[in-house]
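Student: Can you keep this structure in mind? I'll have questions shortly.
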Amino acid sequence: MTVYEELQRRGLLAQLTDEKEIADLINNGKATFYIGFDPTADSLHVGHFMALCLMKRMQLAGNKPIALLGGGTGLIGDPSGKTDMRKMLTKEDIDHNIECFKKQMSRFIEFGEGKAMMVNNADWILDLNYMELLREVGACFSVNNMLRAECYKQRMERGLTFLEFNYMIMQSYDFYMLYKKYGCNMQFGGDDQWSNMLGGTELIRKKLGKDAYAMTITLLLNSEGKKMGKTEKGAVWLDAEKTSPYEFFQYWRNVADADVIKCLKLLTFVPIEEIEEMEKHMEGAEFNKAKELLAFELTKMIHGEDEANKALAAAKNMFGGGAGDDENMPTTIVPDDALTDGKIGVLDLLMLTKLVASKRDARDIIKGGGLMIDDVKIDDPTTMIALDDQVIIRKGKKVFHKAKRA
C-alpha cells in the first residue's frame, strides 16, 4: 500500500488538483507541503490535531512539512466558514501565541535543517507595499470569481468588509511566496478553504507559468474537525494547563459510537488494516474497546504514555460503576471564603468548578436528575454541600470532577 493509498483509505482526502502528480510526489517523498495555523489563541486545540497528524504521517514518508504561522494574516479576519468577523488581536498577542504554537508543534513534528520548517508569514506580509501588491498580485484575481466563492457568499448578506475580502489574496500570496522561497509544491487545508487554496495555485501558475508545480489538497472532514473539541466548558486544548490529560482522555473516551472508527482512521497511527478489521465487528462492548484505544493513543501522543496509562486506569474504574481512581481527576480547590460553616451551596459549587455555564444550567441538570455528589443524587437546587475534605461530583453518566477544600 502506498502512502497516497493509505491517506485515501483513512478518509483524509476530499478534493484535489493534479491527482496523479500529487500521488507521485507523496509516494516518492518529494512533496514540500504547507499547512497554515492562525495564532488566535495561546494553545493549539483538538480542531488542529488532524492537520498535525497529517504532517507527521507525511514526514514519516519522507516528505517535508512547512508549518505556516499566520503572524501576518492573523492581523485581519478570515471570513471562511464564519458568520461574524473575527476579533482582531494585537501584534503582541499574536507573537505570544506563535511562541506557544512552536513549543506544542515540536512535540509532533521534527523540525531542523533538512526536516520540517516553521515559517511566519509576517516575514513578507508586513513589509508589503500596497501599490506593489496591486501590480504584482491584484491583476491575477477576478472579483467576479472571488464573489462566487462560498466563503464570501456566506457573508454577503451580513456584510463583508474590504479587510476580509483581501484574505483570499493574502492566503494565495502565502503559497506563492512559499513556492518561491522554499520550493513548496503542495498545500493542504480544510474543505472550507478550497477557494482560497485554488487562488494560490492559480496565482503561481499565472506568475510562473503553467508548468509550475503547485498543487492543492483539502482534508476531508476538516471543517467538521474544527467542531471537534467543543464541550460545555469550551474548547479541548492540547495544553495540559487548559485541558488536563485526564479531561483530554475522557473527551475521546466519550465520543459518539458513530464517530469512533472515523476518529481512529483520521487521528491515530493504529494500522489501517487493524482499524478496518475492528470496523467489521463494531457492536456492543466493542465500541467501548475502540473508544479506550482512541483515547489512549491520542493522550499518549499529546501528553505521554505515563499520563495515558493513568487516565486509562481511572477510566476503567469509573466505567466500572464508580468514581474509582480520583488521583488524576480534574480538581477544583474551594477557598475557605466560599464556605459557610464548612458548607457551600450546590449551585455555587457547580459554578466554581466550571461544570456549568450558569446557575440556570445547574438547576436544569439537577431537575433532570443528572447530578450526584459522593454517589448521592442531588434533586434540590438549594442543597448545601458539606466539604470536610473533598467530594466527587458526577454530572450525567460520564463527567467526574473533584472539589477539594483548600
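Note on naming: chains are A, B, ... as they come in the C-alpha cells, residues start from 1 per chain, ligands start from 1 in the order shown.
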Would you mind writing down, as a PyMOL selection string, each residue of segment 220-403 of chain A that DSSP on the backbone assigns to strand (DSSP E)?
Tutor: chain A and resi 230-231+234-235+331-334+343-345+371-373+376-377+384-386+390-395+399-403
Student: Print the selection's residues with N, CA and C atoms to a file, as a short mmCIF file (atom, residue, chain, number, x, y, z; two decimals), in the first residue's frame.
Tutor:
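Wrote result08.cif, looks like this:
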data_model
loop_
_atom_site.label_atom_id
_atom_site.label_comp_id
_atom_site.auth_asym_id
_atom_site.auth_seq_id
_atom_site.Cartn_x
_atom_site.Cartn_y
_atom_site.Cartn_z
N LYS A 230 -15.34 20.78 21.07
CA LYS A 230 -16.22 21.76 21.67
C LYS A 230 -17.06 21.07 22.75
N THR A 231 -16.95 21.54 23.97
CA THR A 231 -17.71 20.99 25.08
C THR A 231 -18.46 22.11 25.78
N GLY A 234 -16.11 24.64 26.92
CA GLY A 234 -15.29 25.34 25.93
C GLY A 234 -14.47 24.36 25.12
N ALA A 235 -13.37 24.83 24.55
CA ALA A 235 -12.55 24.02 23.67
C ALA A 235 -11.73 23.00 24.44
N THR A 331 -9.62 18.72 39.24
CA THR A 331 -9.86 19.13 40.63
C THR A 331 -9.99 20.65 40.74
N THR A 332 -10.95 21.07 41.54
CA THR A 332 -11.10 22.48 41.88
C THR A 332 -10.86 22.64 43.38
N ILE A 333 -10.00 23.57 43.73
CA ILE A 333 -9.77 23.88 45.14
C ILE A 333 -10.79 24.92 45.57
N VAL A 334 -11.56 24.60 46.60
CA VAL A 334 -12.59 25.51 47.10
C VAL A 334 -12.00 26.35 48.23
N LYS A 343 -19.77 24.60 54.60
CA LYS A 343 -20.68 24.15 53.54
C LYS A 343 -20.72 25.16 52.40
N ILE A 344 -21.13 24.68 51.23
CA ILE A 344 -21.29 25.53 50.05
C ILE A 344 -22.55 25.11 49.30
N GLY A 345 -23.29 26.08 48.80
CA GLY A 345 -24.48 25.77 48.02
C GLY A 345 -24.13 25.00 46.76
N LEU A 371 -27.27 14.94 38.47
CA LEU A 371 -26.16 15.34 39.35
C LEU A 371 -26.09 14.42 40.57
N MET A 372 -24.89 13.90 40.81
CA MET A 372 -24.64 13.12 42.02
C MET A 372 -23.38 13.66 42.69
N ILE A 373 -23.40 13.70 44.02
CA ILE A 373 -22.22 14.09 44.78
C ILE A 373 -21.94 13.00 45.79
N VAL A 376 -24.52 10.32 45.84
CA VAL A 376 -25.86 10.67 46.31
C VAL A 376 -26.50 11.61 45.30
N LYS A 377 -27.67 11.23 44.78
CA LYS A 377 -28.34 12.09 43.80
C LYS A 377 -28.82 13.38 44.47
N MET A 384 -27.18 22.35 50.47
CA MET A 384 -25.86 22.79 50.92
C MET A 384 -24.96 21.56 51.02
N ILE A 385 -23.76 21.65 50.44
CA ILE A 385 -22.83 20.52 50.40
C ILE A 385 -21.76 20.71 51.47
N ALA A 386 -21.65 19.76 52.40
CA ALA A 386 -20.60 19.80 53.42
C ALA A 386 -19.27 19.41 52.79
N GLN A 390 -13.03 16.56 50.74
CA GLN A 390 -13.30 16.62 49.31
C GLN A 390 -14.58 15.89 48.99
N VAL A 391 -15.16 16.20 47.83
CA VAL A 391 -16.31 15.46 47.32
C VAL A 391 -16.07 15.17 45.84
N ILE A 392 -16.71 14.11 45.37
CA ILE A 392 -16.65 13.75 43.95
C ILE A 392 -17.99 14.10 43.32
N ILE A 393 -17.93 14.94 42.32
CA ILE A 393 -19.14 15.38 41.61
C ILE A 393 -19.26 14.57 40.33
N ARG A 394 -20.45 14.07 40.08
CA ARG A 394 -20.70 13.33 38.84
C ARG A 394 -21.84 14.00 38.10
N LYS A 395 -21.55 14.56 36.94
CA LYS A 395 -22.57 15.21 36.11
C LYS A 395 -22.91 14.29 34.95
N VAL A 399 -19.16 12.58 33.26
CA VAL A 399 -18.31 13.69 33.69
C VAL A 399 -18.09 13.63 35.20
N PHE A 400 -16.85 13.44 35.61
CA PHE A 400 -16.46 13.38 37.01
C PHE A 400 -15.55 14.56 37.34
N HIS A 401 -15.70 15.09 38.55
CA HIS A 401 -14.87 16.22 38.96
C HIS A 401 -14.72 16.18 40.48
N LYS A 402 -13.54 16.54 40.95
CA LYS A 402 -13.29 16.54 42.38
C LYS A 402 -13.23 17.98 42.89
N ALA A 403 -13.94 18.24 43.98
CA ALA A 403 -13.86 19.53 44.65
C ALA A 403 -13.19 19.30 46.00
#
Student: Quick one: everything within 7 Å of Pro39 of chain A, counting only C-alpha atoms, minus sequence neighbours fewer than 3 positions away in the same chain. Send it as a list in words.
Tutor: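 After dropping sequence-adjacent residues, the list is Leu69, Gly70, Gly74, Ile94, Asn97 and Ile98 of chain A.
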Student: With C-alpha atoms retained, write the just-selected residues as a PDB file, in the first residue's frame.
Tutor:
ATOM      1  CA  LEU A  69       2.161  30.529  11.299  1.00  0.00           C
ATOM      2  CA  GLY A  70      -0.129  33.428  10.424  1.00  0.00           C
ATOM      3  CA  GLY A  74      -3.691  36.858  11.894  1.00  0.00           C
ATOM      4  CA  ILE A  94      -0.119  37.128  18.087  1.00  0.00           C
ATOM      5  CA  ASN A  97       0.531  32.779  20.639  1.00  0.00           C
ATOM      6  CA  ILE A  98       3.061  31.871  17.945  1.00  0.00           C
TER       7      ILE A  98
END
Student: Please list as a list in words every residue within 10 Å of Glu276 of chain A, counting only C-alpha atoms and excluding residues in the same chain fewer than 2 positions away.
Tutor: Arg9, Arg10, Ile261, Leu264, Lys265, Pro271, Ile272, Glu273, Glu274, Met278, Glu279, Lys280 and His281 of chain A
Student: Report, in Å with one decimal, the straight-line distance from atom CA of Gly189 of chain A to atom CA of Leu219 of chain A.
Tutor: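 Taking atom CA of Gly189 of chain A as the start and atom CA of Leu219 of chain A as the end point, the length is 5.9 Å.
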Student: Find the residues around Leu208 of chain A up to 12 Å (only C-alpha atoms counted), leave out those fewer than 3 positions away in its own chain, and share them as a list in words.
Tutor: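 Answer for this query is Glu136, Cys140, Tyr176, Met177, Tyr179, Lys180, Gly200, Thr201, Glu202, Leu203, Ile204, Arg205, Asp211, Ala212, Tyr213 and Ala214 of chain A.
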Student: Using DSSP on the backbone coordinates, identify all residues within segment 20-252 of chain A classified as alpha helix (DSSP H); present the result as a ChimeraX atom specification.
Tutor: /A:20-27,46-60,91-105,122-125,130-136,143-148,150-156,162-165,167-182,194-208,222-225,245-252
Student: For C-alpha atoms, I'd like the residues from the last selection saved as a short mmCIF file (atom, residue, chain, number, x, y, z; two decimals), in the first residue's frame.
Tutor:
data_model
loop_
_atom_site.label_atom_id
_atom_site.label_comp_id
_atom_site.auth_asym_id
_atom_site.auth_seq_id
_atom_site.Cartn_x
_atom_site.Cartn_y
_atom_site.Cartn_z
CA LYS A 20 -1.51 11.66 -10.50
CA GLU A 21 1.25 14.22 -9.86
CA ILE A 22 0.22 14.60 -6.21
CA ALA A 23 0.27 10.84 -5.67
CA ASP A 24 3.71 10.54 -7.29
CA LEU A 25 5.20 13.32 -5.14
CA ILE A 26 3.77 11.95 -1.90
CA ASN A 27 4.70 8.34 -2.60
CA VAL A 46 -8.34 19.40 19.06
CA GLY A 47 -9.52 21.07 15.84
CA HIS A 48 -5.84 21.40 14.80
CA PHE A 49 -4.99 17.81 15.58
CA MET A 50 -5.95 16.30 12.23
CA ALA A 51 -3.52 18.66 10.48
CA LEU A 52 -0.71 17.78 12.91
CA CYS A 53 -1.30 14.06 12.38
CA LEU A 54 -1.23 14.51 8.63
CA MET A 55 2.04 16.45 8.85
CA LYS A 56 3.61 13.72 10.96
CA ARG A 57 2.33 10.97 8.65
CA MET A 58 3.69 12.75 5.59
CA GLN A 59 7.04 13.46 7.26
CA LEU A 60 7.47 9.78 8.20
CA LYS A 91 0.69 42.07 17.35
CA GLU A 92 1.97 41.30 20.87
CA ASP A 93 -0.85 38.77 21.43
CA ILE A 94 -0.12 37.13 18.09
CA ASP A 95 3.63 36.90 18.76
CA HIS A 96 2.95 35.30 22.15
CA ASN A 97 0.53 32.78 20.64
CA ILE A 98 3.06 31.87 17.94
CA GLU A 99 5.69 31.03 20.57
CA CYS A 100 3.16 28.76 22.30
CA PHE A 101 2.33 27.04 18.99
CA LYS A 102 6.02 26.44 18.26
CA LYS A 103 6.54 24.57 21.54
CA GLN A 104 3.48 22.38 21.03
CA MET A 105 4.17 21.56 17.39
CA ALA A 122 4.64 38.17 8.85
CA ASP A 123 8.12 37.96 7.30
CA TRP A 124 6.69 39.00 3.91
CA ILE A 125 3.17 40.30 4.54
CA TYR A 130 0.26 48.27 -1.37
CA MET A 131 0.91 49.51 -4.90
CA GLU A 132 3.41 46.71 -5.43
CA LEU A 133 0.85 44.14 -4.31
CA LEU A 134 -1.82 45.57 -6.60
CA ARG A 135 0.51 45.40 -9.59
CA GLU A 136 2.04 42.02 -8.84
CA VAL A 143 -13.56 39.98 -8.49
CA ASN A 144 -16.45 38.17 -10.17
CA ASN A 145 -14.84 34.79 -9.46
CA MET A 146 -13.99 35.77 -5.90
CA LEU A 147 -17.60 36.74 -5.14
CA ARG A 148 -18.76 33.34 -6.36
CA GLU A 150 -18.65 30.04 -0.95
CA CYS A 151 -16.53 31.64 1.79
CA TYR A 152 -17.61 35.10 0.62
CA LYS A 153 -21.19 34.25 -0.32
CA GLN A 154 -21.86 33.24 3.29
CA ARG A 155 -21.02 36.74 4.46
CA MET A 156 -22.55 38.93 1.75
CA PHE A 162 -12.88 45.06 2.38
CA LEU A 163 -10.40 43.91 5.03
CA GLU A 164 -11.83 40.39 4.98
CA PHE A 165 -12.21 40.45 1.20
CA TYR A 167 -7.95 37.31 2.89
CA MET A 168 -8.05 35.15 -0.24
CA ILE A 169 -5.35 37.31 -1.82
CA MET A 170 -3.18 37.12 1.30
CA GLN A 171 -3.52 33.33 1.58
CA SER A 172 -2.78 32.92 -2.12
CA TYR A 173 0.25 35.15 -1.76
CA ASP A 174 1.48 32.92 1.08
CA PHE A 175 1.58 29.90 -1.23
CA TYR A 176 3.26 31.95 -3.95
CA MET A 177 5.99 33.10 -1.53
CA LEU A 178 6.47 29.64 -0.03
CA TYR A 179 6.87 28.23 -3.54
CA LYS A 180 9.46 30.86 -4.47
CA LYS A 181 11.41 30.85 -1.20
CA TYR A 182 11.27 27.18 -0.17
CA TRP A 194 -10.87 25.34 -1.06
CA SER A 195 -11.48 28.66 -2.86
CA ASN A 196 -8.58 30.36 -1.09
CA MET A 197 -6.27 27.45 -1.88
CA LEU A 198 -7.22 27.36 -5.54
CA GLY A 199 -6.40 31.05 -5.64
CA GLY A 200 -2.86 30.25 -4.56
CA THR A 201 -2.45 27.50 -7.13
CA GLU A 202 -3.69 29.79 -9.90
CA LEU A 203 -1.50 32.69 -8.77
CA ILE A 204 1.64 30.54 -9.02
CA ARG A 205 0.72 29.29 -12.46
CA LYS A 206 -0.17 32.74 -13.76
CA LYS A 207 3.01 34.31 -12.41
CA LEU A 208 5.44 31.47 -13.07
CA ASN A 222 -11.51 19.17 8.36
CA SER A 223 -14.37 21.65 8.71
CA GLU A 224 -16.01 19.00 10.91
CA GLY A 225 -12.68 18.66 12.67
CA PRO A 245 -4.58 14.82 30.45
CA TYR A 246 -7.46 13.24 32.36
CA GLU A 247 -10.05 15.54 30.74
CA PHE A 248 -8.42 15.05 27.34
CA PHE A 249 -8.66 11.26 27.69
CA GLN A 250 -12.28 11.48 28.84
CA TYR A 251 -13.23 13.65 25.87
CA TRP A 252 -12.11 10.97 23.42
#
Student: Restricting the calculation to only C-alpha atoms, which member of A:Arg107, A:Leu266, A:Glu292, A:Glu157 is positioned closest to Lys316 of chain A?
Tutor: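 Answer, going by the shortest atom-to-atom distance: A:Glu292.
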Student: Record the distance separating atom CA of Lys397 of chain A and atom CA of Val356 of chain A, expressed in Å with one decimal.
Tutor: 15.2 Å
Student: Select, from A:Ala338, A:Met215, A:Val255, A:Ala314, the residue with the minimum atom-to-atom distance to Glu19 of chain A, counting only C-alpha atoms.
Tutor: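 Closest to Glu19 of chain A of all the choices is A:Met215.
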Student: Restricting the calculation to only C-alpha atoms, which member of A:Lys262, A:Lys30, A:Arg405, A:Lys359 is positioned closest to Ile275 of chain A?
Tutor: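 Answer, going by the shortest atom-to-atom distance: A:Lys262.
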Student: Tell me which of A:Asn254, A:Thr2, A:Gln8, A:Ser43 sits closest to Lys289 of chain A, counting only C-alpha atoms.
Tutor: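 Closest to Lys289 of chain A, using only C-alpha atoms: A:Asn254.
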Student: Can you measure atom CA of Gly304 of chain A to atom CA of Trp237 of chain A for me? One decimal in Å is fine.
Tutor: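 Separation between atom CA of Gly304 of chain A and atom CA of Trp237 of chain A: 15.2 Å.
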Student: Set the distance at 8 Å and use only C-alpha atoms: which residues neighbour Gly29 of chain A once local chain neighbours fewer than 5 positions away are removed? I'd like the list as a list in words.
Tutor: Ala61, Gly62, Asn63 and Lys64 of chain A
